[in-house]
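Novice: Below is the structure I would like to discuss, written out as structure tokens.
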Amino acid sequence: MINSVVIVGGGTAGWMTASYLKAAFADRIQVTLVESARVSKIGVGEATFSTVRHFFDFLGLDEADWLPKAAGGYKLGIRFENWSKPGEHFYHPFERLRVVDGFSLADWWLELGDRRQPFDRDCFITTALCDNKRSPRMMDGSLFASGLDGTLGKSTLAEQRNQFPYAYHFDADAVAQYLAGYSTERGVRHIVDDVTAVEQDERGWISTVRTAEHGDLTGDLFIDCTGFRGMLINQAMGAKFESFADVLPNNRAVALRVPREDATEMDPYTSAIAMNAGWRWNIPLFRRNGTGYVYSDEYISPDEAEAELRAALGPAADGQDANHIRMRIGRNDRAWIGNCVAIGLSYAFVEPLESTGIFFIQNSIEQLVKHFPDSSWDPKLTSDYNTRMHRVVEGVKEFLVLHYKGAQREDTAYWKEAKDRKTPDALLERLAIASSHLLDEETIYPHYHGFEQYSWNAMSLGLGIIPETARPAVKHLDPANARREFAKVKAEGEAMVAALPSVYEYLASIND
Ligand code: FAD
């Protein structure tokens with residue numbers, strides 16, 4: 001039996017893993033988590049995917065309890081600003097495209113829509129909620145989209161059927177702390193100490209991790225949650241890091257926490273705003289905004305990036321310390337080697353665009369539980385796990401490269417060169433299809449990677465990869481039903497805007 005697990009690292013990855021293992025296996029597994037008080041956590045990671053609710057529901061946690069403790073807010077989607085033309089924006093919402101007579105509303109929009117206007121306003125109701133800063137919940141707590149509320153229980157990403165309409169913004173350190181409380185209450189042994197060495201047996205498997213003050217920690221399975229340094233997986237087990245710099249050049253970020261001048265002016269979305277050499281995020285938490293500029297240091301220096309970010313933020317950021325972060329973009333050749341599994345930044349990171357870090361962690365933990373070994377250490381479990389981890393990261397990589405290939409900006413060297421940078425071959429094929437007709441489940445990246453057809457369509461059409469004509473077949477169809485559906489989307493959006501409170505108003509009621 002494999003019944004003792006040692007987790008090294010107490011960032012979001014470490015505590016999500018500890019709490020999930022306890023929720024899954026309870027006392028059948030002993031879990032020890034050791035974290036350094038000296039090595040700080042990354043301290044960013046504040047936006048999530050809508051599917052993160054599977055994680056919280058699995059743990060049996062109630063949003064109304066944990067969200068206020070994490071200073072959290074709602075995220076209905078991502079608002080992309082200035083990616084094509086200055087002053088333009090479009091949304092990538094958490095909303096699937098409706099289908100009319102066998103064709104998605106986006107297919108119909110290509111035939112019937114006004115191409116001078118962004119397509120998202122006609123095809124999604126979430127865009128109206130975002131523009132009007134609405135909460136996805138009524139004051140009585142009910143969700144605007146009926147039939148989706150209620151707990152999912154112990155379900156996983158693989159069982160996702162419906163598109164839930166929102167994700168969260170939260171203070172990642174506060175969530176890690178909350179999950180630490182959850183974990184230790186359920187028996188996780190928590191040690192605050194530095195791991196100074198990793199001892200390996202004759203096979204090269206980890207036998208113990210040595211700590212500065214708590215002696216040697218032994219276990220069956222060791223989980224590396226040490227962040228970009230990959231202390232166990234890279235330094236001890238020799239995993240090879242494969243950089244994505246050839247296709248995703250952003251390698252640095254500068255982050256700032258900014259008080260909101262008017263607390264009530266809270267957005268229910270993440271913003272991704274194009275800048276001279278990258279883009280900046282704005283993530284509204286209940287009492288402040290998290291912001292940061294993600295850039296490539298081939299084009300600007302950290303000082304120039306900070307100055308450009310501060311200029312964009314104005315006086316609100318005065319006096320706030322900037323956190324400069326070097327990012328390791330890419331993934332290890334393997335996430336699991338011998339008795340060591342890497343989860344979080346120690347395994348992979350593809351830059352913060354589309355907020356995939358916590359999603360990767362959630363997916364890794366769920367799959368680790370599904371592939372949990374016994375003392376035979378069946379290599380098929382390990383290799384299947386590694387294949388899945390590899391695929392999910394590769395799919396997200398392709399999706400992110402699409403953002404830079406599709407962007408129409410050409411006003412700085414960074415954006416001009418974005419078009420000439422290397423493109424994964426499979427993505428080249430998808431881009432060719434997207435400029436002829438919309439991608440579908442058969443033509444997007446073919447393995448699970450967290451993004452569906454609607455996301456690929458929302459990004460291609462939003463950025464400006466727009467087929468010249470609708471699919472020829474649409475011209476042979478009666479457009480009456482599609483016109484009715486466009487009118488319904490508009491009317492439903494307006495009705496929701498009128499009925500729902502502002503996101504701040506609702507959150508204030510649960511933060512009392
Ligand atoms: P870390 O937070 O770096 O934690 C590492 C832990 O290891 C720490 O506890 C440290 O003390 C410990 N440690 C290290 N060495 C030792 C040692 N020798 N002994 C003991 N302990 C040790 N993700 C999202 O989902 N959404 C976002 O919006 C988002 N934005 C991001 C923005 C930026 C700029 C970056 C860089 C990342 C972002 N991410 C985002 C990713 C997200 O931050 C991470 O996936 C998440 O925080 C997990 O980090 P981690 O736990 O792997 O590593």
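The way I read the labels, and the way they are meant: chains A, B, ... in the order of the structure tokens, residue 1 as the first residue of every chain, and ligand 1 as the first ligand shown, with later ones counted on from there.
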If the limit is 6 Å from any atom of ligand 1, counting only C-alpha atoms and all ligand atoms, which residues qualify? Return them as a VMD selection string.

Specialist: chain A and resid 8 to 14 34 to 37 39 to 42 44 to 48 193 to 196 225 to 227 253 327 344 to 346 352 355 to 359

Novice: Can you pull out every residue within 10 Å of A:Ala426, counting only C-alpha atoms, but drop anything in the same chain fewer than 4 positions away, and send it as a PyMOL selection string?

Specialist: chain A and resi 398+430-431+443-445

Novice: Need the shell around stretch 362-374 of chain A: protein/DNA/RNA residues with any atom at most 6 Å away, counting only C-alpha atoms. Skip same-chain ones fewer than 3 positions apart. Format as a ChimeraX atom specification?

Specialist: /A:1-2,359,377,381

Novice: Once you have the residues from the selection above, write them out as a CSV table (one decimal), in the first residue's frame, restricted to C-alpha atoms.

Specialist:
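File produced: again.csv:
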```
chain,number,residue,atom,x,y,z
A,1,MET,CA,0.0,0.0,0.0
A,2,ILE,CA,1.1,3.6,-0.7
A,359,PHE,CA,-6.7,24.9,-13.6
A,377,TRP,CA,4.0,1.2,-9.0
A,381,LEU,CA,-0.4,4.5,-14.4
```

Novice: Env of stretch 284-295 of chain A: 6 Å cut, atoms = only C-alpha atoms, seq-sep filter 3 positions within chain, self excluded. Answer as a ChimeraX atom specification.

Specialist: /A:71-73,250,252-260,277-281

Novice: Go ahead and save the residues from that selection, with N, CA and C atoms, as a tab-separated table (two decimals), in the first residue's frame.

Specialist:
```tsv
chain	number	residue	atom	x	y	z
A	71	ALA	N	-11.36	37.31	0.16
A	71	ALA	CA	-11.55	38.65	-0.43
A	71	ALA	C	-11.99	38.55	-1.89
A	72	GLY	N	-12.78	37.52	-2.18
A	72	GLY	CA	-13.02	37.15	-3.58
A	72	GLY	C	-14.08	37.94	-4.31
A	73	GLY	N	-14.08	37.75	-5.60
A	73	GLY	CA	-15.08	38.34	-6.48
A	73	GLY	C	-15.45	37.35	-7.58
A	250	ASN	N	6.87	35.79	-23.60
A	250	ASN	CA	6.78	36.55	-22.35
A	250	ASN	C	7.45	35.77	-21.22
A	252	ARG	N	8.57	37.54	-18.12
A	252	ARG	CA	8.60	38.30	-16.87
A	252	ARG	C	7.25	38.93	-16.61
A	253	ALA	N	7.05	39.29	-15.35
A	253	ALA	CA	5.84	40.04	-14.99
A	253	ALA	C	6.21	41.01	-13.88
A	254	VAL	N	5.49	42.10	-13.84
A	254	VAL	CA	5.61	43.00	-12.70
A	254	VAL	C	4.19	43.21	-12.16
A	255	ALA	N	4.00	42.87	-10.88
A	255	ALA	CA	2.65	42.89	-10.30
A	255	ALA	C	2.53	43.98	-9.24
A	256	LEU	N	1.33	44.53	-9.13
A	256	LEU	CA	1.05	45.59	-8.16
A	256	LEU	C	-0.36	45.38	-7.60
A	257	ARG	N	-0.50	45.57	-6.31
A	257	ARG	CA	-1.84	45.53	-5.71
A	257	ARG	C	-2.31	46.97	-5.58
A	258	VAL	N	-3.48	47.26	-6.10
A	258	VAL	CA	-3.92	48.65	-6.19
A	258	VAL	C	-5.28	48.83	-5.50
A	259	PRO	N	-5.36	49.75	-4.53
A	259	PRO	CA	-6.68	50.00	-3.94
A	259	PRO	C	-7.61	50.61	-4.99
A	260	ARG	N	-8.90	50.26	-4.93
A	260	ARG	CA	-9.84	50.88	-5.89
A	260	ARG	C	-10.32	52.19	-5.30
A	277	ALA	N	4.76	45.78	-24.96
A	277	ALA	CA	5.56	44.55	-25.12
A	277	ALA	C	4.92	43.39	-24.39
A	278	GLY	N	3.60	43.32	-24.43
A	278	GLY	CA	2.88	42.25	-23.75
A	278	GLY	C	1.46	42.70	-23.43
A	279	TRP	N	1.03	42.39	-22.23
A	279	TRP	CA	-0.33	42.76	-21.83
A	279	TRP	C	-0.36	42.89	-20.31
A	280	ARG	N	-1.39	43.59	-19.82
A	280	ARG	CA	-1.51	43.69	-18.36
A	280	ARG	C	-2.86	43.16	-17.92
A	281	TRP	N	-2.85	42.61	-16.72
A	281	TRP	CA	-4.12	42.11	-16.18
A	281	TRP	C	-4.68	43.08	-15.16
```

Novice: Considering only C-alpha atoms, can you say which of A:Ala311, A:Trp205, A:Thr184, A:Asp440 comes closest to A:Leu97?

Specialist: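 That would be A:Asp440, the residue with the smallest distance to A:Leu97.
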
Novice: I need the residue nearest A:Ala176 from this list: A:Met16, A:Ile466, A:Cys123, A:Leu105. Use only C-alpha atoms for the distance.

Specialist: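 Ranked by minimum distance to A:Ala176, first place goes to A:Met16.
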
Novice: Tell me which protein, DNA and RNA residues are within 10 Å of A:Ser155, counting only C-alpha atoms, leaving out same-chain ones fewer than 5 positions away, and put them as a ChimeraX atom specification.

Specialist: /A:53-55,57-58,160,366

Novice: In Å, rounded to a single decimal, give me how far atom CA of A:Gly319 is from atom CA of A:Val175.

Specialist: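 Between these atoms lies a distance of 25.7 Å.
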
Novice: Which residues are near stretch 61-70 of chain A? Cut-off 7 Å, only C-alpha atoms, ignore same chain within fewer than 3 positions. Put them as a ChimeraX atom specification.

Specialist: /A:56-57,170-171,174-175,510-511

Novice: Tell me which of A:Tyr504, A:Ile361, A:Gln235, A:Leu313 sits closest to A:Val392, counting only C-alpha atoms.

Specialist: A:Ile361

Novice: DSSP on the backbone: which residues in stretch 37-84 of chain A end up as helix (DSSP H, G or I)? Give the answer as an NGL selection string.

Specialist: :A and (52-58 or 63-69)

Novice: With distances taken over only C-alpha atoms, which residue among A:Ala434, A:Leu463, A:Ile300, A:Ala245 lies nearest A:Arg328?

Specialist: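 The answer is A:Ala245, which sits nearest to A:Arg328.
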
Novice: In terms of the shortest atom-to-atom distance over only C-alpha atoms, which of A:Ala172, A:Met459, A:Leu148, A:Ala342 is closest to A:Phe228?

Specialist: A:Ala342

Novice: With only C-alpha atoms as the basis for distance, which of A:Gly338, A:Gly147, A:Gly406, A:Pro86 is at the shortest distance from A:Ser383?

Specialist: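 The answer is A:Gly338, which sits nearest to A:Ser383.
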
Novice: What lies within 10 Å of A:Ala106 using only C-alpha atoms, ignoring chain neighbours under 3 positions off, as a list in words?

Specialist: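 What passes the distance filter is Leu97, Arg98, Val99, Val100, Phe103, Trp109, Leu110, Glu111, Leu112, Gly113, Phe119, Asp120, Asp122, Cys123, Phe124, Leu438, Tyr454, Asn457, Ala458, Leu461 and Ala470 of chain A.
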
Novice: Measure the distance from atom CA of A:His92 to atom CA of A:Gly77 in Å and round it to one decimal.

Specialist: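 Interatomic distance, atom CA of A:His92 to atom CA of A:Gly77: 5.4 Å.
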
Novice: Residues of stretch 282-426 of chain A classed as strand (DSSP E or B) by DSSP on the backbone are to be reported as a ChimeraX atom specification.

Specialist: /A:282-284,288-295,323-326,330-332,336-337,340-342,348-349

Novice: Create the file for the chosen residues now, containing N, CA and C atoms and written as a PDB file, in the first residue's frame.

Specialist:
```pdb
ATOM      1  N   ASN A 282      -5.995  43.051 -15.027  1.00  0.00           N
ATOM      2  CA  ASN A 282      -6.664  43.703 -13.901  1.00  0.00           C
ATOM      3  C   ASN A 282      -7.627  42.684 -13.327  1.00  0.00           C
ATOM      4  N   ILE A 283      -7.439  42.380 -12.058  1.00  0.00           N
ATOM      5  CA  ILE A 283      -8.277  41.379 -11.394  1.00  0.00           C
ATOM      6  C   ILE A 283      -8.916  42.029 -10.175  1.00  0.00           C
ATOM      7  N   PRO A 284     -10.238  42.308 -10.256  1.00  0.00           N
ATOM      8  CA  PRO A 284     -10.877  42.994  -9.132  1.00  0.00           C
ATOM      9  C   PRO A 284     -11.210  42.035  -7.997  1.00  0.00           C
ATOM     10  N   ARG A 288      -9.720  45.479  -3.434  1.00  0.00           N
ATOM     11  CA  ARG A 288      -8.612  46.070  -4.187  1.00  0.00           C
ATOM     12  C   ARG A 288      -8.564  45.403  -5.552  1.00  0.00           C
ATOM     13  N   ASN A 289      -7.708  45.934  -6.422  1.00  0.00           N
ATOM     14  CA  ASN A 289      -7.477  45.257  -7.701  1.00  0.00           C
ATOM     15  C   ASN A 289      -6.077  44.657  -7.697  1.00  0.00           C
ATOM     16  N   GLY A 290      -5.957  43.486  -8.284  1.00  0.00           N
ATOM     17  CA  GLY A 290      -4.637  42.916  -8.543  1.00  0.00           C
ATOM     18  C   GLY A 290      -4.297  43.260  -9.989  1.00  0.00           C
ATOM     19  N   THR A 291      -3.116  43.809 -10.200  1.00  0.00           N
ATOM     20  CA  THR A 291      -2.745  44.161 -11.571  1.00  0.00           C
ATOM     21  C   THR A 291      -1.333  43.665 -11.845  1.00  0.00           C
ATOM     22  N   GLY A 292      -0.992  43.598 -13.091  1.00  0.00           N
ATOM     23  CA  GLY A 292       0.369  43.199 -13.427  1.00  0.00           C
ATOM     24  C   GLY A 292       0.573  43.246 -14.923  1.00  0.00           C
ATOM     25  N   TYR A 293       1.817  43.425 -15.301  1.00  0.00           N
ATOM     26  CA  TYR A 293       2.198  43.532 -16.716  1.00  0.00           C
ATOM     27  C   TYR A 293       3.053  42.311 -17.037  1.00  0.00           C
ATOM     28  N   VAL A 294       2.611  41.547 -18.011  1.00  0.00           N
ATOM     29  CA  VAL A 294       3.328  40.357 -18.453  1.00  0.00           C
ATOM     30  C   VAL A 294       4.040  40.727 -19.744  1.00  0.00           C
ATOM     31  N   TYR A 295       5.344  40.546 -19.805  1.00  0.00           N
ATOM     32  CA  TYR A 295       6.076  41.071 -20.963  1.00  0.00           C
ATOM     33  C   TYR A 295       7.288  40.193 -21.266  1.00  0.00           C
ATOM     34  N   ASN A 323       6.110  44.014  -7.501  1.00  0.00           N
ATOM     35  CA  ASN A 323       6.713  42.685  -7.330  1.00  0.00           C
ATOM     36  C   ASN A 323       7.176  42.212  -8.709  1.00  0.00           C
ATOM     37  N   HIS A 324       8.479  42.161  -8.918  1.00  0.00           N
ATOM     38  CA  HIS A 324       9.011  41.720 -10.216  1.00  0.00           C
ATOM     39  C   HIS A 324       9.205  40.216 -10.195  1.00  0.00           C
ATOM     40  N   ILE A 325       8.677  39.544 -11.216  1.00  0.00           N
ATOM     41  CA  ILE A 325       8.687  38.073 -11.224  1.00  0.00           C
ATOM     42  C   ILE A 325       9.292  37.574 -12.534  1.00  0.00           C
ATOM     43  N   ARG A 326      10.210  36.637 -12.403  1.00  0.00           N
ATOM     44  CA  ARG A 326      10.765  35.979 -13.587  1.00  0.00           C
ATOM     45  C   ARG A 326       9.950  34.689 -13.796  1.00  0.00           C
ATOM     46  N   GLY A 330       6.937  26.908 -19.895  1.00  0.00           N
ATOM     47  CA  GLY A 330       7.127  25.612 -20.544  1.00  0.00           C
ATOM     48  C   GLY A 330       6.711  24.511 -19.581  1.00  0.00           C
ATOM     49  N   ARG A 331       7.174  23.306 -19.849  1.00  0.00           N
ATOM     50  CA  ARG A 331       6.818  22.195 -18.954  1.00  0.00           C
ATOM     51  C   ARG A 331       7.973  21.206 -18.888  1.00  0.00           C
ATOM     52  N   ASN A 332       7.938  20.393 -17.850  1.00  0.00           N
ATOM     53  CA  ASN A 332       8.935  19.323 -17.756  1.00  0.00           C
ATOM     54  C   ASN A 332       8.601  18.214 -18.741  1.00  0.00           C
ATOM     55  N   TRP A 336       5.671  13.112 -13.604  1.00  0.00           N
ATOM     56  CA  TRP A 336       5.794  12.036 -12.604  1.00  0.00           C
ATOM     57  C   TRP A 336       6.995  11.178 -12.978  1.00  0.00           C
ATOM     58  N   ILE A 337       7.977  11.121 -12.068  1.00  0.00           N
ATOM     59  CA  ILE A 337       9.147  10.256 -12.277  1.00  0.00           C
ATOM     60  C   ILE A 337       9.344   9.455 -10.996  1.00  0.00           C
ATOM     61  N   CYS A 340       7.972  10.501  -7.483  1.00  0.00           N
ATOM     62  CA  CYS A 340       7.866  11.967  -7.346  1.00  0.00           C
ATOM     63  C   CYS A 340       6.928  12.530  -8.418  1.00  0.00           C
ATOM     64  N   VAL A 341       5.962  13.317  -7.974  1.00  0.00           N
ATOM     65  CA  VAL A 341       5.025  13.968  -8.899  1.00  0.00           C
ATOM     66  C   VAL A 341       5.127  15.479  -8.694  1.00  0.00           C
ATOM     67  N   ALA A 342       5.233  16.221  -9.794  1.00  0.00           N
ATOM     68  CA  ALA A 342       5.304  17.685  -9.695  1.00  0.00           C
ATOM     69  C   ALA A 342       3.936  18.279 -10.007  1.00  0.00           C
ATOM     70  N   ALA A 348       4.637  22.928 -14.765  1.00  0.00           N
ATOM     71  CA  ALA A 348       4.423  23.667 -16.017  1.00  0.00           C
ATOM     72  C   ALA A 348       3.781  25.010 -15.746  1.00  0.00           C
ATOM     73  N   PHE A 349       4.054  25.937 -16.635  1.00  0.00           N
ATOM     74  CA  PHE A 349       3.363  27.223 -16.595  1.00  0.00           C
ATOM     75  C   PHE A 349       3.445  27.827 -17.989  1.00  0.00           C
TER      76      PHE A 349
END
```
